[in-house]
$ cat start_22.pdb   # PDB, C-alpha atoms, pLDDT in the B column
ATOM      1  CA  MET A 442      64.777 200.106 138.681  1.00 89.00           C
ATOM      2  CA  ASP A 443      68.395 199.502 139.648  1.00 93.00           C
ATOM      3  CA  LEU A 444      69.130 197.422 142.732  1.00 95.00           C
ATOM      4  CA  PHE A 445      71.902 197.743 145.271  1.00 95.00           C
ATOM      5  CA  GLU A 446      74.539 195.010 145.277  1.00 97.00           C
ATOM      6  CA  TYR A 447      73.186 193.416 148.457  1.00 97.00           C
ATOM      7  CA  GLN A 448      69.679 193.277 146.948  1.00 96.00           C
ATOM      8  CA  ALA A 449      70.999 191.734 143.731  1.00 97.00           C
ATOM      9  CA  LYS A 450      72.905 189.091 145.658  1.00 98.00           C
ATOM     10  CA  ALA A 451      69.820 188.254 147.714  1.00 96.00           C
ATOM     11  CA  LEU A 452      67.966 187.526 144.459  1.00 96.00           C
ATOM     12  CA  PHE A 453      70.929 185.480 143.233  1.00 98.00           C
ATOM     13  CA  ALA A 454      70.936 183.398 146.406  1.00 98.00           C
ATOM     14  CA  GLU A 455      67.195 182.711 146.047  1.00 97.00           C
ATOM     15  CA  HIS A 456      67.953 181.006 142.734  1.00 97.00           C
ATOM     16  CA  GLY A 457      70.986 179.061 143.872  1.00 97.00           C
ATOM     17  CA  VAL A 458      73.676 181.371 142.488  1.00 98.00           C
ATOM     18  CA  PRO A 459      76.792 181.031 144.715  1.00 98.00           C
ATOM     19  CA  VAL A 460      77.575 184.344 146.461  1.00 98.00           C
ATOM     20  CA  PRO A 461      79.799 185.264 149.433  1.00 98.00           C
ATOM     21  CA  GLN A 462      78.110 185.434 152.826  1.00 97.00           C
ATOM     22  CA  GLY A 463      77.465 188.976 153.980  1.00 98.00           C
ATOM     23  CA  LYS A 464      75.202 191.387 155.819  1.00 98.00           C
ATOM     24  CA  VAL A 465      74.325 195.073 155.469  1.00 97.00           C
ATOM     25  CA  ALA A 466      75.250 197.730 158.021  1.00 98.00           C
ATOM     26  CA  SER A 467      74.197 201.367 158.244  1.00 97.00           C
ATOM     27  CA  THR A 468      76.586 202.298 161.072  1.00 98.00           C
ATOM     28  CA  ALA A 469      80.220 201.547 161.855  1.00 98.00           C
ATOM     29  CA  ASP A 470      79.202 199.696 165.018  1.00 98.00           C
ATOM     30  CA  GLU A 471      76.872 197.453 163.036  1.00 98.00           C
ATOM     31  CA  ALA A 472      79.745 196.690 160.653  1.00 98.00           C
ATOM     32  CA  ARG A 473      81.928 195.683 163.591  1.00 98.00           C
ATOM     33  CA  ALA A 474      79.185 193.420 164.970  1.00 98.00           C
ATOM     34  CA  ILE A 475      78.857 191.664 161.602  1.00 98.00           C
ATOM     35  CA  ALA A 476      82.635 191.215 161.400  1.00 98.00           C
ATOM     36  CA  GLU A 477      82.561 189.756 164.918  1.00 98.00           C
ATOM     37  CA  GLU A 478      80.063 187.131 163.729  1.00 98.00           C
ATOM     38  CA  PHE A 479      82.408 186.168 160.887  1.00 98.00           C
ATOM     39  CA  ALA A 480      85.403 186.087 163.251  1.00 97.00           C
ATOM     40  CA  ALA A 481      83.520 183.795 165.637  1.00 97.00           C
ATOM     41  CA  ALA A 482      82.840 181.455 162.703  1.00 96.00           C
ATOM     42  CA  GLY A 483      86.543 181.399 161.812  1.00 96.00           C
ATOM     43  CA  THR A 484      86.659 184.102 159.109  1.00 95.00           C
ATOM     44  CA  SER A 485      88.676 187.078 160.311  1.00 94.00           C
ATOM     45  CA  ARG A 486      89.077 188.943 157.003  1.00 97.00           C
ATOM     46  CA  VAL A 487      86.048 190.734 155.574  1.00 98.00           C
ATOM     47  CA  VAL A 488      85.394 193.214 152.791  1.00 98.00           C
ATOM     48  CA  VAL A 489      83.491 196.442 153.487  1.00 98.00           C
ATOM     49  CA  LYS A 490      81.719 197.654 150.333  1.00 98.00           C
ATOM     50  CA  ALA A 491      79.830 200.907 149.768  1.00 98.00           C
ATOM     51  CA  GLN A 492      76.256 200.362 148.618  1.00 97.00           C
ATOM     52  CA  VAL A 493      75.511 202.901 145.900  1.00 94.00           C
ATOM     53  CA  LYS A 494      73.813 202.587 142.541  1.00 91.00           C
ATOM     54  CA  THR A 495      76.821 203.569 140.476  1.00 89.00           C
ATOM     55  CA  GLY A 496      80.085 202.052 139.310  1.00 86.00           C
ATOM     56  CA  GLY A 497      83.615 202.981 140.242  1.00 87.00           C
ATOM     57  CA  ARG A 498      83.292 202.239 143.944  1.00 92.00           C
ATOM     58  CA  GLY A 499      86.706 200.632 144.156  1.00 90.00           C
ATOM     59  CA  LYS A 500      88.522 203.518 142.484  1.00 90.00           C
ATOM     60  CA  ALA A 501      86.713 205.962 144.784  1.00 94.00           C
ATOM     61  CA  GLY A 502      87.829 204.097 147.906  1.00 96.00           C
ATOM     62  CA  GLY A 503      84.441 202.575 148.587  1.00 97.00           C
ATOM     63  CA  VAL A 504      85.660 198.964 148.791  1.00 97.00           C
ATOM     64  CA  LYS A 505      88.140 198.054 151.546  1.00 98.00           C
ATOM     65  CA  VAL A 506      89.486 194.819 153.021  1.00 98.00           C
ATOM     66  CA  ALA A 507      89.435 194.674 156.825  1.00 98.00           C
ATOM     67  CA  ASP A 508      91.394 192.403 159.166  1.00 97.00           C
ATOM     68  CA  GLY A 509      89.093 191.805 162.107  1.00 97.00           C
ATOM     69  CA  PRO A 510      86.100 193.542 163.718  1.00 98.00           C
ATOM     70  CA  GLU A 511      87.848 196.743 164.838  1.00 98.00           C
ATOM     71  CA  ASP A 512      89.375 197.257 161.417  1.00 98.00           C
ATOM     72  CA  ALA A 513      85.954 196.638 159.846  1.00 98.00           C
ATOM     73  CA  ARG A 514      84.515 199.345 162.067  1.00 98.00           C
ATOM     74  CA  ALA A 515      87.264 201.765 161.040  1.00 98.00           C
ATOM     75  CA  LYS A 516      86.823 200.982 157.345  1.00 98.00           C
ATOM     76  CA  ALA A 517      83.032 201.378 157.567  1.00 98.00           C
ATOM     77  CA  GLU A 518      83.492 204.736 159.290  1.00 98.00           C
ATOM     78  CA  GLN A 519      85.657 205.882 156.376  1.00 98.00           C
ATOM     79  CA  ILE A 520      83.164 204.731 153.742  1.00 98.00           C
ATOM     80  CA  LEU A 521      79.810 205.729 155.274  1.00 98.00           C
ATOM     81  CA  GLY A 522      78.885 209.239 154.220  1.00 96.00           C
ATOM     82  CA  MET A 523      81.248 209.217 151.228  1.00 96.00           C
ATOM     83  CA  ASP A 524      80.156 210.861 147.999  1.00 95.00           C
ATOM     84  CA  ILE A 525      80.685 208.560 145.007  1.00 94.00           C
ATOM     85  CA  LYS A 526      79.735 210.232 141.725  1.00 90.00           C
ATOM     86  CA  GLY A 527      77.021 212.244 143.447  1.00 87.00           C
ATOM     87  CA  HIS A 528      75.696 209.286 145.470  1.00 90.00           C
ATOM     88  CA  THR A 529      75.996 209.410 149.259  1.00 92.00           C
ATOM     89  CA  VAL A 530      76.854 206.099 150.937  1.00 96.00           C
ATOM     90  CA  HIS A 531      74.185 205.232 153.535  1.00 95.00           C
ATOM     91  CA  ARG A 532      74.937 201.502 153.836  1.00 97.00           C
ATOM     92  CA  VAL A 533      77.871 199.138 153.543  1.00 98.00           C
ATOM     93  CA  LEU A 534      77.904 195.431 152.775  1.00 98.00           C
ATOM     94  CA  VAL A 535      80.210 193.495 155.097  1.00 98.00           C
ATOM     95  CA  GLU A 536      81.020 190.122 153.580  1.00 98.00           C
ATOM     96  CA  GLU A 537      83.569 187.362 153.912  1.00 97.00           C
ATOM     97  CA  ALA A 538      86.772 187.931 151.965  1.00 97.00           C
ATOM     98  CA  SER A 539      87.097 185.600 148.974  1.00 97.00           C
ATOM     99  CA  ASP A 540      90.142 183.686 147.809  1.00 96.00           C
ATOM    100  CA  ILE A 541      90.281 184.979 144.223  1.00 97.00           C
ATOM    101  CA  ALA A 542      92.245 182.909 141.718  1.00 98.00           C
ATOM    102  CA  GLU A 543      90.799 184.432 138.508  1.00 97.00           C
ATOM    103  CA  GLU A 544      88.177 187.019 137.529  1.00 97.00           C
ATOM    104  CA  TYR A 545      85.676 186.857 134.644  1.00 98.00           C
ATOM    105  CA  TYR A 546      82.730 188.905 133.355  1.00 97.00           C
ATOM    106  CA  PHE A 547      79.167 187.848 132.567  1.00 98.00           C
ATOM    107  CA  SER A 548      75.795 189.489 131.923  1.00 98.00           C
ATOM    108  CA  PHE A 549      72.349 188.975 130.437  1.00 98.00           C
ATOM    109  CA  LEU A 550      70.626 192.022 129.009  1.00 97.00           C
ATOM    110  CA  LEU A 551      67.752 193.102 126.814  1.00 95.00           C
ATOM    111  CA  ASP A 552      69.047 193.833 123.306  1.00 93.00           C
ATOM    112  CA  ARG A 553      66.472 196.387 122.167  1.00 91.00           C
ATOM    113  CA  ALA A 554      68.120 197.045 118.790  1.00 90.00           C
ATOM    114  CA  ASN A 555      67.830 193.399 117.732  1.00 89.00           C
ATOM    115  CA  ARG A 556      64.648 192.667 119.696  1.00 90.00           C
ATOM    116  CA  THR A 557      66.175 189.774 121.577  1.00 92.00           C
ATOM    117  CA  PHE A 558      68.148 188.881 124.688  1.00 97.00           C
ATOM    118  CA  LEU A 559      71.909 188.957 124.754  1.00 97.00           C
ATOM    119  CA  SER A 560      74.582 187.355 126.889  1.00 98.00           C
ATOM    120  CA  ILE A 561      78.046 188.878 127.229  1.00 97.00           C
ATOM    121  CA  CYS A 562      80.892 186.740 128.515  1.00 98.00           C
ATOM    122  CA  SER A 563      84.609 187.407 128.868  1.00 97.00           C
ATOM    123  CA  ALA A 564      87.628 185.930 130.595  1.00 96.00           C
ATOM    124  CA  GLU A 565      88.622 189.534 131.352  1.00 92.00           C
ATOM    125  CA  GLY A 566      86.679 190.420 134.498  1.00 91.00           C
ATOM    126  CA  GLY A 567      86.992 192.899 137.330  1.00 84.00           C
ATOM    127  CA  VAL A 568      87.398 195.838 134.915  1.00 84.00           C
ATOM    128  CA  GLU A 569      85.063 197.969 132.800  1.00 86.00           C
ATOM    129  CA  ILE A 570      83.764 195.645 130.080  1.00 88.00           C
ATOM    130  CA  GLU A 571      83.361 198.613 127.709  1.00 87.00           C
ATOM    131  CA  GLU A 572      87.104 199.234 127.896  1.00 88.00           C
ATOM    132  CA  VAL A 573      87.855 195.572 127.170  1.00 89.00           C
ATOM    133  CA  ALA A 574      85.452 195.560 124.200  1.00 88.00           C
ATOM    134  CA  GLU A 575      87.161 198.643 122.780  1.00 87.00           C
ATOM    135  CA  THR A 576      90.781 197.575 123.267  1.00 89.00           C
ATOM    136  CA  ASP A 577      90.363 193.834 122.633  1.00 91.00           C
ATOM    137  CA  PRO A 578      87.020 193.013 120.923  1.00 90.00           C
ATOM    138  CA  ASP A 579      87.938 189.332 120.510  1.00 91.00           C
ATOM    139  CA  ALA A 580      88.047 188.974 124.302  1.00 91.00           C
ATOM    140  CA  VAL A 581      84.318 189.725 124.619  1.00 96.00           C
ATOM    141  CA  ALA A 582      81.751 187.197 123.376  1.00 97.00           C
ATOM    142  CA  LYS A 583      78.218 188.389 122.588  1.00 96.00           C
ATOM    143  CA  VAL A 584      75.791 185.495 122.239  1.00 97.00           C
ATOM    144  CA  ALA A 585      72.101 185.968 121.450  1.00 97.00           C
ATOM    145  CA  VAL A 586      69.715 184.059 123.710  1.00 97.00           C
ATOM    146  CA  ASP A 587      66.378 182.780 122.425  1.00 95.00           C
ATOM    147  CA  ALA A 588      63.586 183.832 124.767  1.00 93.00           C
ATOM    148  CA  LEU A 589      61.829 180.459 124.513  1.00 94.00           C
ATOM    149  CA  GLN A 590      64.957 178.306 124.794  1.00 95.00           C
ATOM    150  CA  GLY A 591      66.646 180.327 127.522  1.00 97.00           C
ATOM    151  CA  ALA A 592      70.025 179.221 128.877  1.00 97.00           C
ATOM    152  CA  PRO A 593      69.928 175.506 129.748  1.00 98.00           C
ATOM    153  CA  ALA A 594      73.169 173.576 130.252  1.00 97.00           C
ATOM    154  CA  ASP A 595      74.096 173.255 126.568  1.00 98.00           C
ATOM    155  CA  VAL A 596      73.465 176.926 125.792  1.00 98.00           C
ATOM    156  CA  ALA A 597      75.347 178.028 128.906  1.00 98.00           C
ATOM    157  CA  ALA A 598      78.270 175.781 127.947  1.00 98.00           C
ATOM    158  CA  GLU A 599      78.405 177.379 124.488  1.00 98.00           C
ATOM    159  CA  ILE A 600      78.400 180.861 126.025  1.00 98.00           C
ATOM    160  CA  VAL A 601      81.305 179.837 128.258  1.00 98.00           C
ATOM    161  CA  ARG A 602      83.172 178.385 125.269  1.00 98.00           C
ATOM    162  CA  GLN A 603      82.758 181.545 123.209  1.00 98.00           C
ATOM    163  CA  GLY A 604      83.744 183.644 126.215  1.00 97.00           C
ATOM    164  CA  LYS A 605      87.026 181.698 126.326  1.00 97.00           C
ATOM    165  CA  LEU A 606      86.726 180.870 130.020  1.00 98.00           C
ATOM    166  CA  PRO A 607      89.317 178.272 131.104  1.00 97.00           C
ATOM    167  CA  GLU A 608      88.386 174.606 131.356  1.00 97.00           C
ATOM    168  CA  LYS A 609      88.822 174.592 135.136  1.00 98.00           C
ATOM    169  CA  ALA A 610      85.998 177.131 135.460  1.00 98.00           C
ATOM    170  CA  ALA A 611      83.783 175.937 132.599  1.00 98.00           C
ATOM    171  CA  GLN A 612      81.333 173.701 134.451  1.00 98.00           C
ATOM    172  CA  GLY A 613      80.891 176.006 137.442  1.00 98.00           C
ATOM    173  CA  ALA A 614      80.448 179.040 135.178  1.00 98.00           C
ATOM    174  CA  ALA A 615      77.867 177.250 133.020  1.00 98.00           C
ATOM    175  CA  GLU A 616      75.841 176.263 136.082  1.00 98.00           C
ATOM    176  CA  LEU A 617      75.994 179.820 137.406  1.00 98.00           C
ATOM    177  CA  ILE A 618      74.890 181.216 134.021  1.00 98.00           C
ATOM    178  CA  THR A 619      71.852 178.919 133.909  1.00 98.00           C
ATOM    179  CA  ARG A 620      70.804 180.086 137.362  1.00 98.00           C
ATOM    180  CA  LEU A 621      71.344 183.740 136.425  1.00 98.00           C
ATOM    181  CA  TRP A 622      68.938 183.239 133.517  1.00 98.00           C
ATOM    182  CA  ASP A 623      66.377 181.998 136.038  1.00 98.00           C
ATOM    183  CA  VAL A 624      66.845 185.267 137.959  1.00 98.00           C
ATOM    184  CA  PHE A 625      66.598 187.286 134.736  1.00 98.00           C
ATOM    185  CA  VAL A 626      63.278 185.727 133.744  1.00 97.00           C
ATOM    186  CA  ALA A 627      61.669 185.291 137.164  1.00 96.00           C
ATOM    187  CA  LYS A 628      62.280 188.908 138.180  1.00 96.00           C
ATOM    188  CA  ASP A 629      61.512 190.563 134.821  1.00 96.00           C
ATOM    189  CA  ALA A 630      65.018 191.999 134.654  1.00 97.00           C
ATOM    190  CA  THR A 631      66.481 193.992 131.785  1.00 97.00           C
ATOM    191  CA  LEU A 632      70.029 193.501 133.079  1.00 97.00           C
ATOM    192  CA  VAL A 633      71.742 190.907 135.268  1.00 98.00           C
ATOM    193  CA  GLU A 634      75.486 191.480 135.523  1.00 98.00           C
ATOM    194  CA  VAL A 635      78.264 189.780 137.480  1.00 98.00           C
ATOM    195  CA  ASN A 636      81.589 191.588 137.430  1.00 95.00           C
ATOM    196  CA  PRO A 637      83.625 189.894 138.574  1.00 96.00           C
ATOM    197  CA  MET A 638      82.507 186.307 138.445  1.00 98.00           C
ATOM    198  CA  ILE A 639      85.421 184.593 140.170  1.00 98.00           C
ATOM    199  CA  LEU A 640      87.167 181.256 140.337  1.00 98.00           C
ATOM    200  CA  THR A 641      88.201 180.656 143.945  1.00 98.00           C
ATOM    201  CA  GLY A 642      91.357 178.944 145.120  1.00 97.00           C
ATOM    202  CA  ASP A 643      89.398 175.750 145.806  1.00 96.00           C
ATOM    203  CA  GLY A 644      87.832 175.690 142.323  1.00 97.00           C
ATOM    204  CA  ARG A 645      84.378 177.198 142.932  1.00 98.00           C
ATOM    205  CA  VAL A 646      82.793 179.770 140.614  1.00 98.00           C
ATOM    206  CA  VAL A 647      81.145 182.552 142.614  1.00 98.00           C
ATOM    207  CA  ALA A 648      79.305 185.814 141.863  1.00 98.00           C
ATOM    208  CA  LEU A 649      81.527 188.258 143.748  1.00 98.00           C
ATOM    209  CA  ASP A 650      79.498 191.279 142.677  1.00 97.00           C
ATOM    210  CA  GLY A 651      76.018 191.763 141.306  1.00 97.00           C
ATOM    211  CA  LYS A 652      74.130 194.377 139.348  1.00 97.00           C
ATOM    212  CA  VAL A 653      70.449 193.994 138.499  1.00 97.00           C
ATOM    213  CA  THR A 654      68.008 196.304 136.726  1.00 96.00           C
ATOM    214  CA  LEU A 655      64.315 195.417 136.947  1.00 96.00           C
ATOM    215  CA  ASP A 656      61.630 196.432 134.447  1.00 94.00           C
ATOM    216  CA  GLU A 657      59.227 198.761 136.247  1.00 89.00           C
ATOM    217  CA  ASN A 658      56.552 197.899 133.662  1.00 91.00           C
ATOM    218  CA  ALA A 659      56.346 194.502 135.402  1.00 92.00           C
ATOM    219  CA  GLU A 660      55.454 196.096 138.737  1.00 89.00           C
ATOM    220  CA  PHE A 661      51.958 194.555 138.548  1.00 90.00           C
ATOM    221  CA  ARG A 662      53.467 191.094 139.065  1.00 91.00           C
ATOM    222  CA  GLN A 663      56.662 191.908 140.962  1.00 90.00           C
ATOM    223  CA  ASP A 664      57.099 193.197 144.511  1.00 85.00           C
ATOM    224  CA  LEU A 665      59.183 196.215 143.526  1.00 84.00           C
ATOM    225  CA  GLU A 666      57.983 198.289 146.471  1.00 80.00           C
ATOM    226  CA  SER A 667      59.980 196.180 148.920  1.00 79.00           C
ATOM    227  CA  LEU A 668      63.130 196.739 146.857  1.00 81.00           C
ATOM    228  CA  ALA A 669      62.688 200.474 146.385  1.00 75.00           C
ATOM    229  CA  SER A 670      64.859 202.892 148.334  1.00 62.00           C
ATOM    230  CA  ALA A 671      63.511 206.213 147.131  1.00 46.00           C
ATOM    231  CA  ALA A 672      65.899 208.336 149.164  1.00 50.00           C
ATOM    232  CA  GLU A 673      68.993 206.552 147.878  1.00 59.00           C
ATOM    233  CA  GLY A 674      68.856 206.881 144.105  1.00 62.00           C
ATOM    234  CA  ASP A 675      70.441 209.548 141.959  1.00 69.00           C
ATOM    235  CA  PRO A 676      69.891 212.889 143.795  1.00 74.00           C
ATOM    236  CA  LEU A 677      68.276 214.546 140.765  1.00 80.00           C
ATOM    237  CA  GLU A 678      65.999 211.550 140.167  1.00 77.00           C
ATOM    238  CA  VAL A 679      64.993 211.549 143.846  1.00 75.00           C
ATOM    239  CA  LYS A 680      64.159 215.268 143.684  1.00 83.00           C
ATOM    240  CA  ALA A 681      62.096 214.745 140.522  1.00 83.00           C
ATOM    241  CA  LYS A 682      60.218 211.805 142.060  1.00 77.00           C
ATOM    242  CA  GLU A 683      59.287 213.953 145.066  1.00 80.00           C
ATOM    243  CA  LYS A 684      57.612 216.364 142.627  1.00 85.00           C
ATOM    244  CA  GLY A 685      55.799 213.581 140.799  1.00 80.00           C
ATOM    245  CA  LEU A 686      58.029 213.683 137.716  1.00 81.00           C
ATOM    246  CA  ASN A 687      59.518 210.763 135.785  1.00 77.00           C
ATOM    247  CA  TYR A 688      63.136 211.791 135.279  1.00 81.00           C
ATOM    248  CA  VAL A 689      66.073 209.655 134.212  1.00 78.00           C
ATOM    249  CA  LYS A 690      69.569 211.119 134.435  1.00 79.00           C
ATOM    250  CA  LEU A 691      71.781 210.363 131.451  1.00 79.00           C
ATOM    251  CA  ASP A 692      75.349 211.223 130.511  1.00 80.00           C
ATOM    252  CA  GLY A 693      76.142 213.988 128.052  1.00 86.00           C
ATOM    253  CA  ARG A 694      74.739 217.443 127.341  1.00 87.00           C
ATOM    254  CA  VAL A 695      71.662 216.663 125.237  1.00 84.00           C
ATOM    255  CA  GLY A 696      68.212 216.417 126.820  1.00 79.00           C
ATOM    256  CA  ILE A 697      65.090 214.636 125.605  1.00 77.00           C
ATOM    257  CA  ILE A 698      61.524 215.723 126.308  1.00 74.00           C
ATOM    258  CA  GLY A 699      59.072 212.890 125.682  1.00 75.00           C
ATOM    259  CA  ASN A 700      55.331 213.532 125.518  1.00 70.00           C
ATOM    260  CA  GLY A 701      53.189 210.554 124.585  1.00 62.00           C
TER     261      GLY A 701
END

$ encode --input "start_22.pdb" --output "structure tokens"
Amino acid sequence: MDLFEYQAKALFAEHGVPVPQGKVASTADEARAIAEEFAAAGTSRVVVKAQVKTGGRGKAGGVKVADGPEDARAKAEQILGMDIKGHTVHRVLVEEASDIAEEYYFSFLLDRANRTFLSICSAEGGVEIEEVAETDPDAVAKVAVDALQGAPADVAAEIVRQGKLPEKAAQGAAELITRLWDVFVAKDATLVEVNPMILTGDGRVVALDGKVTLDENAEFRQDLESLASAAEGDPLEVKAKEKGLNYVKLDGRVGIIGNG
């Protein structure tokens, strides 16, 4: 089960992963009210981000910076109801604008082919990691993670080293990686991705975005029901679920019928 960004960041925060402060709005007026709270606390600039379970939000116009409450309302009005790759935007995340000095990439995932866990780290963040891996393979480090050892400080530091993250971000990134492993294990995730993981102007390493996929086979020990938003997944998957079918939409023109 894929999570929305705001849900992923809530899980991150539970495990001490630094994330920007933000709240979710389903109307433009709610977005303005949230921006007013930030303005009252001394933060006038906010970012209004479409909450959909697909990539490419920025290119589609689903991520906008707003200067003040009224601008946040206007930006939310533009984004709510948008169609992004077949996904309708029902909610926006209104969060404090971050002072971005540099952007990196990091993820943990289940490596089914090699029957292990894998970490991917790169100093090239904020872009599609697949494109970076294709154009500049040396810029993307893939480090296997032992399930029993996990990602304590020394392992996280080695991942950062192989990912060629700069020294000024090394310690903060390693700490964030260790905490992301805690999320990965505690929530029975198959993917935990941060793109971008940023270095702020004052030297902090923060998860600016978050993508999490949870293993539905672990539903017996995880509270997945509270995270499910049945009406907000892929339209075809939603329609199939209403008819009691297990359907997963994939790219391409080849279909698979599984009967086991």

$ resolve_selection --input "start_22.pdb" --expression "the PyMOL selection byres ((chain A and resi 620) around 10)" --output "PDB file with C-alpha atoms, in the coordinates of the input"
ATOM      1  CA  PHE A 453      70.929 185.480 143.233  1.00 98.00           C
ATOM      2  CA  ALA A 454      70.936 183.398 146.406  1.00 98.00           C
ATOM      3  CA  GLU A 455      67.195 182.711 146.047  1.00 97.00           C
ATOM      4  CA  HIS A 456      67.953 181.006 142.734  1.00 97.00           C
ATOM      5  CA  GLY A 457      70.986 179.061 143.872  1.00 97.00           C
ATOM      6  CA  VAL A 458      73.676 181.371 142.488  1.00 98.00           C
ATOM      7  CA  PRO A 459      76.792 181.031 144.715  1.00 98.00           C
ATOM      8  CA  ALA A 592      70.025 179.221 128.877  1.00 97.00           C
ATOM      9  CA  PRO A 593      69.928 175.506 129.748  1.00 98.00           C
ATOM     10  CA  ALA A 594      73.169 173.576 130.252  1.00 97.00           C
ATOM     11  CA  ALA A 597      75.347 178.028 128.906  1.00 98.00           C
ATOM     12  CA  ALA A 614      80.448 179.040 135.178  1.00 98.00           C
ATOM     13  CA  ALA A 615      77.867 177.250 133.020  1.00 98.00           C
ATOM     14  CA  GLU A 616      75.841 176.263 136.082  1.00 98.00           C
ATOM     15  CA  LEU A 617      75.994 179.820 137.406  1.00 98.00           C
ATOM     16  CA  ILE A 618      74.890 181.216 134.021  1.00 98.00           C
ATOM     17  CA  THR A 619      71.852 178.919 133.909  1.00 98.00           C
ATOM     18  CA  LEU A 621      71.344 183.740 136.425  1.00 98.00           C
ATOM     19  CA  TRP A 622      68.938 183.239 133.517  1.00 98.00           C
ATOM     20  CA  ASP A 623      66.377 181.998 136.038  1.00 98.00           C
ATOM     21  CA  VAL A 624      66.845 185.267 137.959  1.00 98.00           C
ATOM     22  CA  PHE A 625      66.598 187.286 134.736  1.00 98.00           C
TER      23      PHE A 625
END

$ atom_distance --input "start_22.pdb" --atom1 "CA of Ile639 in chain A" --atom2 "CA of Ala472 in chain A"
24.5 Å

$ closest_atom_pairs --input "start_22.pdb" --of "range 488-588 of chain A" --to "range 630-636 of chain A" --cutoff "7 Å" --atoms "all atoms listed in the file" --output "Markdown table"
| residue | atom | partner | partner_atom | distance |
| --- | --- | --- | --- | --- |
| A:Tyr545 | CA | A:Asn636 | CA | 6.8 |
| A:Tyr546 | CA | A:Asn636 | CA | 5.0 |
| A:Phe547 | CA | A:Val635 | CA | 5.4 |
| A:Ser548 | CA | A:Glu634 | CA | 4.1 |
| A:Phe549 | CA | A:Val633 | CA | 5.2 |
| A:Leu550 | CA | A:Leu632 | CA | 4.4 |
| A:Leu551 | CA | A:Thr631 | CA | 5.2 |
| A:Gly566 | CA | A:Asn636 | CA | 6.0 |
| A:Gly567 | CA | A:Asn636 | CA | 5.6 |

$ closest_residue --input "start_22.pdb" --among "A:Lys690, A:Lys605, A:Lys500, A:His531" --to "Ala564 in chain A" --atoms "only C-alpha atoms"
A:Lys605

$ residues_around --input "start_22.pdb" --residues "Val586 in chain A" --least-positions-apart "3" --cutoff "9 Å" --atoms "only C-alpha atoms" --output "PyMOL selection string"
chain A and resi 549+557-560+589-592+596

$ atom_distance --input "start_22.pdb" --atom1 "CA of Glu666 in chain A" --atom2 "CA of Gly499 in chain A"
28.9 Å

$ residues_near_point --input "start_22.pdb" --point "(87.3, 183.0, 158.4)" --cutoff "12 Å" --atoms "all atoms listed in the file" --output "PDB file with C-alpha atoms, keeping the file's coordinate frame"
ATOM      1  CA  PRO A 461      79.799 185.264 149.433  1.00 98.00           C
ATOM      2  CA  GLN A 462      78.110 185.434 152.826  1.00 97.00           C
ATOM      3  CA  ALA A 476      82.635 191.215 161.400  1.00 98.00           C
ATOM      4  CA  GLU A 477      82.561 189.756 164.918  1.00 98.00           C
ATOM      5  CA  GLU A 478      80.063 187.131 163.729  1.00 98.00           C
ATOM      6  CA  PHE A 479      82.408 186.168 160.887  1.00 98.00           C
ATOM      7  CA  ALA A 480      85.403 186.087 163.251  1.00 97.00           C
ATOM      8  CA  ALA A 481      83.520 183.795 165.637  1.00 97.00           C
ATOM      9  CA  ALA A 482      82.840 181.455 162.703  1.00 96.00           C
ATOM     10  CA  GLY A 483      86.543 181.399 161.812  1.00 96.00           C
ATOM     11  CA  THR A 484      86.659 184.102 159.109  1.00 95.00           C
ATOM     12  CA  SER A 485      88.676 187.078 160.311  1.00 94.00           C
ATOM     13  CA  ARG A 486      89.077 188.943 157.003  1.00 97.00           C
ATOM     14  CA  VAL A 487      86.048 190.734 155.574  1.00 98.00           C
ATOM     15  CA  VAL A 488      85.394 193.214 152.791  1.00 98.00           C
ATOM     16  CA  ALA A 507      89.435 194.674 156.825  1.00 98.00           C
ATOM     17  CA  ASP A 508      91.394 192.403 159.166  1.00 97.00           C
ATOM     18  CA  GLY A 509      89.093 191.805 162.107  1.00 97.00           C
ATOM     19  CA  PRO A 510      86.100 193.542 163.718  1.00 98.00           C
ATOM     20  CA  GLU A 536      81.020 190.122 153.580  1.00 98.00           C
ATOM     21  CA  GLU A 537      83.569 187.362 153.912  1.00 97.00           C
ATOM     22  CA  ALA A 538      86.772 187.931 151.965  1.00 97.00           C
ATOM     23  CA  SER A 539      87.097 185.600 148.974  1.00 97.00           C
ATOM     24  CA  ASP A 540      90.142 183.686 147.809  1.00 96.00           C
TER      25      ASP A 540
END

$ resolve_selection --input "start_22.pdb" --expression "the PyMOL selection byres ((chain A and resi 526) around 9)" --output "short mmCIF file (atom, residue, chain, number, x, y, z; two decimals) with C-alpha atoms, in the coordinates of the input"
data_model
loop_
_atom_site.label_atom_id
_atom_site.label_comp_id
_atom_site.auth_asym_id
_atom_site.auth_seq_id
_atom_site.Cartn_x
_atom_site.Cartn_y
_atom_site.Cartn_z
CA THR A 495 76.82 203.57 140.48
CA GLY A 496 80.08 202.05 139.31
CA GLY A 497 83.62 202.98 140.24
CA ALA A 501 86.71 205.96 144.78
CA ASP A 524 80.16 210.86 148.00
CA ILE A 525 80.68 208.56 145.01
CA GLY A 527 77.02 212.24 143.45
CA HIS A 528 75.70 209.29 145.47
CA THR A 529 76.00 209.41 149.26
#

$ residues_around --input "start_22.pdb" --residues "Asp650 in chain A" --least-positions-apart "6" --cutoff "9 Å" --atoms "all atoms listed in the file" --output "ChimeraX atom specification"
/A:446-447,449-450,460,634-638

$ closest_residue --input "start_22.pdb" --among "A:Asp470, A:Asp587, A:Glu575, A:Asp629" --to "Glu657 in chain A" --atoms "all atoms listed in the file"
A:Asp629

$ closest_residue --input "start_22.pdb" --among "A:Leu665, A:Leu677, A:Leu606, A:Val489" --to "Val530 in chain A" --atoms "all atoms listed in the file"
A:Val489
